[in-house]
file upload20.pdb (PDB, C-alpha atoms, pLDDT in the B column)
ATOM      1  CA  MET O  84     110.052-155.305-119.499  1.00 47.00           C
ATOM      2  CA  ALA O  85     107.144-156.981-121.252  1.00 51.00           C
ATOM      3  CA  ARG O  86     107.905-159.515-123.916  1.00 55.00           C
ATOM      4  CA  ARG O  87     107.206-158.690-127.538  1.00 58.00           C
ATOM      5  CA  ILE O  88     104.872-160.920-129.502  1.00 58.00           C
ATOM      6  CA  GLN O  89     105.798-161.250-133.164  1.00 62.00           C
ATOM      7  CA  GLY O  90     102.588-162.512-134.680  1.00 64.00           C
ATOM      8  CA  GLY O  91     100.721-165.661-135.490  1.00 77.00           C
ATOM      9  CA  LYS O  92      98.018-167.398-133.486  1.00 83.00           C
ATOM     10  CA  GLU O  93      99.304-166.271-130.100  1.00 82.00           C
ATOM     11  CA  PHE O  94      99.350-162.644-131.216  1.00 79.00           C
ATOM     12  CA  GLY O  95      95.830-162.928-132.646  1.00 82.00           C
ATOM     13  CA  ALA O  96      94.550-164.476-129.419  1.00 86.00           C
ATOM     14  CA  LEU O  97      96.168-161.715-127.333  1.00 85.00           C
ATOM     15  CA  LYS O  98      94.716-158.998-129.575  1.00 85.00           C
ATOM     16  CA  SER O  99      91.246-160.576-129.337  1.00 87.00           C
ATOM     17  CA  ALA O 100      91.497-160.762-125.537  1.00 89.00           C
ATOM     18  CA  GLN O 101      92.685-157.148-125.428  1.00 89.00           C
ATOM     19  CA  GLU O 102      89.767-156.022-127.601  1.00 90.00           C
ATOM     20  CA  GLU O 103      87.307-157.855-125.326  1.00 92.00           C
ATOM     21  CA  ARG O 104      88.791-156.131-122.243  1.00 93.00           C
ATOM     22  CA  LEU O 105      88.566-152.731-123.898  1.00 92.00           C
ATOM     23  CA  ASN O 106      84.995-153.426-125.070  1.00 93.00           C
ATOM     24  CA  ARG O 107      84.005-154.191-121.453  1.00 94.00           C
ATOM     25  CA  ILE O 108      85.501-150.861-120.359  1.00 93.00           C
ATOM     26  CA  ASN O 109      83.653-149.122-123.213  1.00 91.00           C
ATOM     27  CA  GLU O 110      80.393-150.673-121.960  1.00 93.00           C
ATOM     28  CA  GLU O 111      81.094-149.266-118.494  1.00 91.00           C
ATOM     29  CA  PHE O 112      81.535-145.794-119.989  1.00 89.00           C
ATOM     30  CA  LEU O 113      78.360-146.145-122.073  1.00 90.00           C
ATOM     31  CA  SER O 114      76.335-146.943-118.941  1.00 89.00           C
ATOM     32  CA  ASP O 115      78.027-144.244-116.803  1.00 87.00           C
ATOM     33  CA  THR O 116      75.670-141.288-116.247  1.00 86.00           C
ATOM     34  CA  GLN O 117      78.657-138.922-116.129  1.00 85.00           C
ATOM     35  CA  TYR O 118      79.157-139.371-119.888  1.00 82.00           C
ATOM     36  CA  GLU O 119      75.536-139.642-121.066  1.00 81.00           C
ATOM     37  CA  GLU O 120      75.619-136.103-122.491  1.00 83.00           C
ATOM     38  CA  VAL O 121      78.673-136.788-124.667  1.00 81.00           C
ATOM     39  CA  GLU O 122      77.568-136.597-128.273  1.00 84.00           C
ATOM     40  CA  ASP O 123      77.985-139.822-130.294  1.00 85.00           C
ATOM     41  CA  LEU O 124      79.704-141.569-127.370  1.00 87.00           C
ATOM     42  CA  SER O 125      79.724-145.089-128.823  1.00 88.00           C
ATOM     43  CA  THR O 126      81.453-143.940-132.025  1.00 89.00           C
ATOM     44  CA  LYS O 127      84.033-141.976-130.046  1.00 87.00           C
ATOM     45  CA  LEU O 128      84.724-144.965-127.788  1.00 90.00           C
ATOM     46  CA  GLU O 129      85.294-147.216-130.816  1.00 91.00           C
ATOM     47  CA  LEU O 130      87.694-144.668-132.310  1.00 87.00           C
ATOM     48  CA  PHE O 131      89.578-144.316-129.007  1.00 87.00           C
ATOM     49  CA  LYS O 132      89.759-148.114-128.640  1.00 90.00           C
ATOM     50  CA  THR O 133      91.252-148.464-132.119  1.00 89.00           C
ATOM     51  CA  LYS O 134      93.858-145.754-131.444  1.00 85.00           C
ATOM     52  CA  PHE O 135      94.740-147.244-128.067  1.00 87.00           C
ATOM     53  CA  MET O 136      95.119-150.782-129.449  1.00 89.00           C
ATOM     54  CA  GLU O 137      97.334-149.526-132.269  1.00 87.00           C
ATOM     55  CA  PHE O 138      99.868-148.049-129.876  1.00 86.00           C
ATOM     56  CA  ASP O 139      99.671-150.535-126.987  1.00 86.00           C
ATOM     57  CA  LEU O 140     102.830-152.172-128.292  1.00 79.00           C
ATOM     58  CA  ASP O 141     103.158-154.957-125.724  1.00 82.00           C
ATOM     59  CA  ILE O 142      99.390-155.659-125.489  1.00 84.00           C
ATOM     60  CA  SER O 143      99.554-155.021-121.746  1.00 85.00           C
ATOM     61  CA  GLY O 144      96.487-152.802-121.624  1.00 84.00           C
ATOM     62  CA  ASP O 145      98.617-149.742-120.886  1.00 88.00           C
ATOM     63  CA  LEU O 146     100.353-147.177-123.074  1.00 88.00           C
ATOM     64  CA  ASP O 147     103.953-146.878-121.993  1.00 88.00           C
ATOM     65  CA  ILE O 148     106.307-144.064-122.911  1.00 88.00           C
ATOM     66  CA  MET O 149     107.368-145.782-126.159  1.00 89.00           C
ATOM     67  CA  GLY O 150     103.761-146.282-127.282  1.00 87.00           C
ATOM     68  CA  LEU O 151     103.033-142.643-126.492  1.00 85.00           C
ATOM     69  CA  LYS O 152     106.161-141.600-128.374  1.00 88.00           C
ATOM     70  CA  GLN O 153     105.146-143.578-131.466  1.00 88.00           C
ATOM     71  CA  MET O 154     101.594-142.202-131.312  1.00 83.00           C
ATOM     72  CA  LEU O 155     102.801-138.619-131.258  1.00 82.00           C
ATOM     73  CA  GLU O 156     105.430-139.238-133.940  1.00 86.00           C
ATOM     74  CA  LYS O 157     102.794-140.742-136.222  1.00 82.00           C
ATOM     75  CA  LEU O 158     100.681-137.625-135.684  1.00 75.00           C
ATOM     76  CA  GLY O 159     103.678-135.458-136.600  1.00 79.00           C
ATOM     77  CA  LYS O 160     104.065-134.138-133.049  1.00 78.00           C
ATOM     78  CA  ALA O 161     107.337-135.721-131.906  1.00 82.00           C
ATOM     79  CA  LYS O 162     108.239-134.889-128.307  1.00 84.00           C
ATOM     80  CA  THR O 163     111.378-135.168-126.206  1.00 88.00           C
ATOM     81  CA  HIS O 164     111.652-137.711-123.413  1.00 89.00           C
ATOM     82  CA  LEU O 165     111.019-135.020-120.790  1.00 89.00           C
ATOM     83  CA  GLU O 166     107.936-133.766-122.641  1.00 86.00           C
ATOM     84  CA  LEU O 167     106.616-137.326-122.821  1.00 86.00           C
ATOM     85  CA  LYS O 168     107.125-137.751-119.069  1.00 88.00           C
ATOM     86  CA  LYS O 169     105.231-134.495-118.468  1.00 85.00           C
ATOM     87  CA  ILE O 170     102.329-135.696-120.633  1.00 81.00           C
ATOM     88  CA  LEU O 171     102.261-139.001-118.726  1.00 84.00           C
ATOM     89  CA  SER O 172     102.209-137.181-115.388  1.00 84.00           C
ATOM     90  CA  GLN O 173      99.238-135.054-116.534  1.00 80.00           C
ATOM     91  CA  VAL O 174      97.183-138.088-117.483  1.00 79.00           C
ATOM     92  CA  SER O 175      98.248-140.761-115.014  1.00 80.00           C
ATOM     93  CA  ALA O 176     100.008-141.114-111.684  1.00 80.00           C
ATOM     94  CA  GLY O 177     102.276-143.906-112.960  1.00 81.00           C
ATOM     95  CA  GLU O 178     104.628-144.565-115.843  1.00 85.00           C
ATOM     96  CA  THR O 179     101.850-145.778-118.151  1.00 88.00           C
ATOM     97  CA  ILE O 180      98.391-144.678-119.282  1.00 87.00           C
ATOM     98  CA  SER O 181      95.648-147.234-118.723  1.00 89.00           C
ATOM     99  CA  TYR O 182      92.728-147.371-121.125  1.00 90.00           C
ATOM    100  CA  ARG O 183      90.447-145.977-118.405  1.00 89.00           C
ATOM    101  CA  ASP O 184      92.823-143.036-117.841  1.00 86.00           C
ATOM    102  CA  PHE O 185      92.968-142.521-121.612  1.00 84.00           C
ATOM    103  CA  LEU O 186      89.146-142.411-121.834  1.00 87.00           C
ATOM    104  CA  HIS O 187      88.835-140.122-118.794  1.00 84.00           C
ATOM    105  CA  MET O 188      91.314-137.781-120.455  1.00 80.00           C
ATOM    106  CA  MET O 189      89.620-137.817-123.867  1.00 81.00           C
ATOM    107  CA  LEU O 190      86.062-137.492-122.538  1.00 81.00           C
ATOM    108  CA  GLY O 191      86.726-135.358-119.474  1.00 75.00           C
ATOM    109  CA  LYS O 192      86.711-131.610-119.078  1.00 70.00           C
ATOM    110  CA  ASN O 193      90.438-131.268-118.343  1.00 64.00           C
ATOM    111  CA  ASN O 194      92.665-130.445-121.288  1.00 56.00           C
ATOM    112  CA  SER O 195      95.988-132.202-121.273  1.00 60.00           C
ATOM    113  CA  ILE O 196      98.625-131.773-123.950  1.00 61.00           C
ATOM    114  CA  LEU O 197      97.936-135.272-125.274  1.00 66.00           C
ATOM    115  CA  LYS O 198      94.181-134.658-125.542  1.00 64.00           C
ATOM    116  CA  LEU O 199      94.718-131.432-127.459  1.00 63.00           C
ATOM    117  CA  ILE O 200      97.128-133.109-129.874  1.00 64.00           C
ATOM    118  CA  LEU O 201      94.803-136.056-130.500  1.00 65.00           C
ATOM    119  CA  MET O 202      91.686-133.893-130.886  1.00 61.00           C
ATOM    120  CA  PHE O 203      93.271-131.574-133.424  1.00 57.00           C
ATOM    121  CA  GLU O 204      95.401-134.060-135.342  1.00 57.00           C
ATOM    122  CA  ASP O 205      93.399-133.524-138.519  1.00 51.00           C
ATOM    123  CA  MET O 206      93.658-129.734-138.416  1.00 50.00           C
ATOM    124  CA  GLY O 207      96.339-128.445-140.688  1.00 49.00           C
ATOM    125  CA  LYS O 208      96.283-131.513-142.861  1.00 51.00           C
ATOM    126  CA  ASP O 209      95.500-130.871-146.485  1.00 52.00           C
ATOM    127  CA  LYS O 210      91.910-131.978-147.020  1.00 55.00           C
ATOM    128  CA  LYS O 211      92.117-131.978-150.835  1.00 58.00           C
ATOM    129  CA  PRO O 212      92.989-135.329-152.371  1.00 60.00           C
ATOM    130  CA  ALA O 213      96.407-135.390-153.948  1.00 62.00           C
ATOM    131  CA  GLU O 214      96.420-135.101-157.714  1.00 68.00           C
ATOM    132  CA  THR O 215      97.532-138.185-159.544  1.00 75.00           C
ATOM    133  CA  GLY O 216      99.349-138.400-162.815  1.00 76.00           C
ATOM    134  CA  PRO O 217     101.876-136.048-164.340  1.00 82.00           C
ATOM    135  CA  PRO O 218     101.730-132.364-163.424  1.00 76.00           C
ATOM    136  CA  GLY O 219      99.755-130.066-165.715  1.00 78.00           C
ATOM    137  CA  ARG O 220     101.396-127.745-168.216  1.00 81.00           C
ATOM    138  CA  ARG O 221     102.631-124.462-166.829  1.00 79.00           C
ATOM    139  CA  THR O 222     103.147-121.184-168.577  1.00 83.00           C
ATOM    140  CA  PHE O 223     105.375-118.218-167.823  1.00 82.00           C
ATOM    141  CA  ALA O 224     102.362-116.485-166.295  1.00 82.00           C
ATOM    142  CA  ASP O 225     102.224-119.231-163.628  1.00 79.00           C
ATOM    143  CA  LEU O 226     105.733-118.439-162.377  1.00 75.00           C
ATOM    144  CA  PRO O 227     106.126-116.189-159.318  1.00 70.00           C
TER     145      PRO O 227
END
call {"tool": "encode", "arguments": {"input": "upload20.pdb", "output": "structure tokens"}}
result
Amino acid sequence: MARRIQGGKEFGALKSAQEERLNRINEEFLSDTQYEEVEDLSTKLELFKTKFMEFDLDISGDLDIMGLKQMLEKLGKAKTHLELKKILSQVSAGETISYRDFLHMMLGKNNSILKLILMFEDMGKDKKPAETGPPGRRTFADLP
């Protein structure tokens, strides 16, 4: 089991090193002719990098089952342990998802459960900003 870093200078240095590694992988994808037709590729890669870094809990460069679980819970799509294992098996051959596997999944033609959840996470969310302040006055005509 990987050790957990609590914060401070060591954590900052690890996060910076992780971001540099992921940026190098992003550069590989930007120069890959397979993905040259993907619309707004550099913006998508930055978004994917941010999501991946947020849930790579042990800064190992891989999403483990707990990172995947937290990602899906945050998106409101909590899954059982068996469902998580099935998602992992669709994306990767091992017990973790590497950043390259994550990018292949998100940019590739195959639709995995995880890709569908991440792509449509904003659907169904209320797009109107929440009203602030006390509720407005209601009349009897407003009642059902």
call {"tool": "atom_distance", "arguments": {"input": "upload20.pdb", "atom1": "atom CA of Asp145 of chain O", "atom2": "atom CA of Leu128 of chain O"}}
result
16.2 Å
call {"tool": "closest_residue", "arguments": {"input": "upload20.pdb", "among": "O:Leu226, O:Glu178, O:Leu190, O:Lys98", "to": "Glu122 of chain O", "atoms": "all atoms listed in the file"}}
result
O:Leu190
call {"tool": "atom_distance", "arguments": {"input": "upload20.pdb", "atom1": "atom CA of Thr116 of chain O", "atom2": "atom CA of His187 of chain O"}}
result
13.5 Å
call {"tool": "resolve_selection", "arguments": {"input": "upload20.pdb", "expression": "the PyMOL selection byres ((chain O and resi 186) around 9)", "output": "ChimeraX atom specification"}}
result
/O:109,112,128,131-132,181-185,187-191
call {"tool": "atom_distance", "arguments": {"input": "upload20.pdb", "atom1": "atom CA of Val174 of chain O", "atom2": "atom CA of Ser99 of chain O"}}
result
26.1 Å
